[in-house]
Amino acid sequence: MSDTISNHDVLIIGSGAAGLTAAITLAKTHKVLVMAKGALDSGATGWAQGGIAAVLEPGDTFESHINDTMIAGAGLNDRETVEFVVENAPAAIERLAALGVPFNEGHDDFGDRWHLTREGGHSHRRIVHVDDATGWAVQKALEKAADANPNITLMPDMVAIDLITGKHQVDYSGEGRVWGVYAFNTKTKRVEAFTARATILATGGAGRAYLFSTAPRGATGDGIAMAWRAGCRVSNMEMMQFHPTCLYNLEVKNFLITEAVRGEGGHLVLPPGVPGAGERFMARFDPERMELAPRDVVARAIDHELKRLGLDFVHLDISHQDPEFVKHHFPNIYNRLLPLGIDITKDPIPVVPAQHYTCGGVKIDLHGRTDLPGLYAAGEVSESGLHGANRLASNSLLECFVFGEAAAQDIASQWDSLPAPPPILGWDESRVTDSDEEVIVQHNWKEIRRFMWDYVGIVRTNKRLERAMHRINLLSSEVDEYYGNFRVTPDLIELRNLLEVARLIVRSALKRKESRGLHYTTDYPDTLPVPQDTVLIP
Ligand code: FAD
Ligand code: SIN
C-alpha cells in the first residue's frame, strides 16, 4: 500500500489554458494544486498557432460569431452554450491582455486595438493572435501568473491514473462523488493519492489515438477515460477534427501550418506532375468559400484529391503575397520551414490533413459540472455543446478560458456545501510486479494509432468501423491482463486510456446513422433532419 495521501482545497489536473485559467480564478479564495503529466507547458495550449476568436470590432456582432459557430458545427451545437461562450469572449481576451499576453497590435485596415486575422468558417476578421505562435504566449503568461500566486502549487511530472470515488473510501460507499485522484510520480516512481473537495479535469484531447496528429505526445485522452471509468457520460466522440494543413515532411512530423495562412490569402493547389497541376481545387468542392470553408469540408476535399490522384500531399501556396507581409505574419512557420529547404515566400508548402482536435468528451453543463458531484471538466477534455459536429477555428482556446473560469466560480460559490473528503484507501501494489515485456506496451500503442488512422479516419464505413472494434476487443483483454499484473508506468497508463477512448470513438461512430460535420460515412451519406448528440452512458 502507498501511504502517500495529501489533501488540498481544489485539485486541477492539467496546466494548459483551461487548467491554469481555473487555478488563477480560484486562487483568489482557495488553495489549489495543479498537476501536469510532464512539463507544465507540454499540452496543446503552447502549440496553438492561429489565435483566439472574439467579437472585438464594431462591424462584427455576437450573432455573427454564434451563426458561424453553429454553421461550422453542422447544427449539433447547443445554442445556449454557444451564446454563453461567444458573449464571454471579449472579457476573456481582456483578462489575457491584463496578464501581459502581447497580442499583435492593429493597424488601419483590420481592427483598431489589436490585429484581427481570419480563419476558415469565420465571416469576419475576429481572431486576436501573437504572430503565428499565440498559444506559447498565452501559456507563458498564465504560467507566470500561476507561479507568482502563493495559493497555487504547480506540480509537473505527475500522471493521473484514476479518479478517487466512493469505492475508494475506507468506509466503502457506492457513491460516485469524486474525492480526488491517484497519480504516478514520474520522479519517485510511486503512486500517490491526492484528495480535495473539488477536482477539475483539464487534461486536453485524445489526438494521439491517431497515427498522424498535430497534437502533443500527451494527448492520450486520459481525462476522458478516467471520467468514463468513474461513471460520467461522454458525448460526440465520433467528432474528431482533422486539420487540413499539416506539413508533409519526412523529417518533421506533425507540424501544423496555421489556417491563418489561408486566411491571409494562401491557396490550396494541386502539385506539379498530375493532371490539373496548379489548379485551386477547392473551387470544385466549395466555390464560394474556397480555402476558407470549414475544416471538415477542406480536409475531405484534400483527402479526396490525395486518393483520386494517388498523391502524398497537396500544395499550400502563399508565395504570391509580398514576402515581407508573409514573414511578418508567419515568422514561426517561416523560420521552421527554411532549414527544410522551403522558403514560404517563394515555395509552396506540401501539406496533408492530420487529426487536430477532439470535439467530443466528458459531458458538462454551463458551470463545467460533470455528472459526478465534486468533478468538473473544462477545455478539450469536455463536451460543452460549443463545437457540435465540427469546431470553428480558434474557438477552442476560447472555450478553455470561459469554462475554466465558470468551473472555478461555481466551486467558489458552492464552497460551504462541498463536503470534506473522507479517509480513503492508498494505492494497492501488493499483487503486481515489474513489467517483464515493455515491448507489448509499445507494440499496442502503435497498433491502435495505425488502425484508428486507417479505419476511423476522415471517411468512414461500417465495415472499417467494425474491424476497428474487433481489434479494440482483442487488445482490451491483453491490456487489461497487463494492467492487472504489472506495476503502472506512464506508457501503460496512457495505453489503457488510448484504448478506452478508441473504443468510445468507434462506438459513437457506429451509433451515428448519418453523415454530419466531421463524421462522414459512405454507408449513411445523408444528414438526418434533426441533429442529435451521441451520448454514451457508462
Ligand atoms: P492542454 O493545453 O492540452 O493541456 C492539457 C494538460 O493536461 C497538460 O498540462 C497535460 O500535461 C495535462 N494532462 C493530461 N493528461 C494528464 C494526466 N494523466 N495526468 C496529469 N496531467 C495530465 N485552438 C485555438 O483556439 N486556436 C488555435 O490557434 C489553435 N491552434 C492549435 C494548434 C495546434 C498545433 C494544436 C494541437 C491545437 C490547436 N488549437 C487551437 C487547439 C487548442 O490548442 C487546444 O484545444 C487547447 O489548447 C486545449 O487546452 P486544454 O487546457 O484543454 O488542454
Ligand atoms: C490554426 O492555427 O490553424 C489552428 C487554429 C485552431 O485550431 O483553432
# chains A, B, ... in the order shown; residues from 1 in each chain; ligands from 1
$ residues_near_ligand --ligand "ligand 2" --cutoff "9 Å" --atoms "only C-alpha atoms and all ligand atoms" --output "PyMOL selection string"
chain A and resi 48-53+119-120+132-134+243-245+256-262+356-357+391-397
$ select_by_dssp --residues "stretch 163-363 of chain A" --states "helix (DSSP H, G or I)" --output "JSON, numbers by chain"
{"A": [166, 167, 168, 207, 208, 209, 222, 223, 224, 225, 226, 227, 228, 229, 230, 260, 261, 262, 263, 282, 283, 284, 285, 290, 291, 292, 295, 296, 297, 298, 299, 300, 301, 302, 303, 304, 305, 306, 307, 308, 309, 323, 324, 325, 326, 327, 328, 329, 331, 332, 333, 334, 335, 336, 337, 338, 339, 340]}
$ closest_residue --among "A:Cys232, A:Glu80, A:Asp410, A:Ile333" --to "A:Asp131" --atoms "only C-alpha atoms"
A:Ile333
$ residues_around --residues "stretch 466-475 of chain A" --least-positions-apart "3" --cutoff "7 Å" --atoms "only C-alpha atoms" --output "MDAnalysis selection string"
chainID A and resid 451:452 455 462:463 478:479 499 503 506
$ atom_distance --atom1 "atom CA of A:Gln355" --atom2 "atom CA of A:Arg507"
18.3 Å
$ residues_around --residues "A:Glu105" --least-positions-apart "6" --cutoff "12 Å" --atoms "only C-alpha atoms" --output "short mmCIF file (atom, residue, chain, number, x, y, z; two decimals) with C-alpha atoms, in the first residue's frame"
data_model
loop_
_atom_site.label_atom_id
_atom_site.label_comp_id
_atom_site.auth_asym_id
_atom_site.auth_seq_id
_atom_site.Cartn_x
_atom_site.Cartn_y
_atom_site.Cartn_z
CA ALA A 97 -4.17 41.17 -22.14
CA GLY A 111 -9.00 46.01 -36.10
CA ASP A 112 -8.07 49.10 -34.13
CA ARG A 113 -6.54 47.96 -30.90
CA TRP A 114 -5.42 44.50 -31.98
CA HIS A 115 -4.73 42.99 -35.36
CA LEU A 116 -7.53 40.57 -36.22
CA THR A 117 -6.79 37.70 -38.56
CA ILE A 127 -9.03 36.39 -34.31
CA VAL A 128 -6.52 38.01 -31.97
CA HIS A 129 -3.10 36.45 -32.14
CA VAL A 130 0.55 36.75 -31.19
CA ASP A 131 2.24 36.31 -34.58
CA HIS A 329 2.65 37.34 -40.24
#
$ closest_residue --among "A:Glu324, A:Glu264, A:Asp454, A:Glu380" --to "ligand 1" --atoms "only C-alpha atoms and all ligand atoms"
A:Glu380
$ closest_residue --among "A:Ala146, A:Ala193, A:Ala202, A:Leu386" --to "ligand 1" --atoms "only C-alpha atoms and all ligand atoms"
A:Ala202
$ closest_residue --among "A:Ala412, A:Cys246, A:Val252, A:Val326" --to "A:Val351" --atoms "only C-alpha atoms"
A:Cys246
$ closest_residue --among "A:Glu143, A:Glu447, A:Asp523, A:Asp78" --to "ligand 1" --atoms "only C-alpha atoms and all ligand atoms"
A:Glu143
$ closest_residue --among "A:Thr4, A:Thr461, A:Asn332, A:Thr220" --to "A:Tyr182" --atoms "only C-alpha atoms"
A:Thr4
$ residues_around --residues "stretch 419-432 of chain A" --least-positions-apart "3" --cutoff "7 Å" --atoms "only C-alpha atoms" --output "PyMOL selection string"
chain A and resi 1-3+5+168-170+179+191+193+195-197+485-487
